[in-house]
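Encoded as structure tokens, the structure appears first; notes follow it.
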Amino acid sequence: MDKEHQRSTPYNYTQIQEQLRARLQPMSDMEEHLIQQMALCRYQLEQIENRLTKTWGQLNKIHEEL
């Protein structure tokens, strides 16, 4: 993974990566790289889900006000 992603991602990403590493136990550099990519994707998906949940709540509030 490039250094930019390592600096810009919060601790939660690191936790996800460590959980995946412990569960999958990579045995090669390629497997380690795949774990990093999986962790980043999972982290990004969680961020998208959080934004969608917030937006859905705002839409429901607006709908109730109408």
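By convention in this document, the chains of the structure tokens carry letters A, B, ... by their order, each chain's residues are numbered from 1, and ligands are numbered from 1 in the order they are shown.
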
Write out as an mmCIF file with C-alpha atoms, in the first residue's frame each polymer residue whose atoms come within 12 Å of Leu24 in chain A, counting only C-alpha atoms; drop sequence neighbours fewer than 6 positions from it.
data_model
loop_
_atom_site.group_PDB
_atom_site.id
_atom_site.type_symbol
_atom_site.label_atom_id
_atom_site.label_comp_id
_atom_site.auth_asym_id
_atom_site.auth_seq_id
_atom_site.Cartn_x
_atom_site.Cartn_y
_atom_site.Cartn_z
ATOM 1 C CA GLN A 17 -6.208 -4.940 8.805
ATOM 2 C CA GLU A 18 -4.931 -6.613 11.980
ATOM 3 C CA GLU A 31 -1.273 -12.381 0.419
ATOM 4 C CA GLU A 32 -0.223 -9.498 2.667
ATOM 5 C CA LEU A 34 -4.410 -8.619 -0.621
ATOM 6 C CA ILE A 35 -5.134 -8.249 3.094
ATOM 7 C CA GLN A 36 -4.191 -4.570 2.931
ATOM 8 C CA MET A 38 -9.343 -5.964 1.610
ATOM 9 C CA ALA A 39 -8.965 -3.905 4.787
#

Two-atom distance - CA of Asn60 in chain A, CA of Arg42 in chain A (Å): 26.8 Å
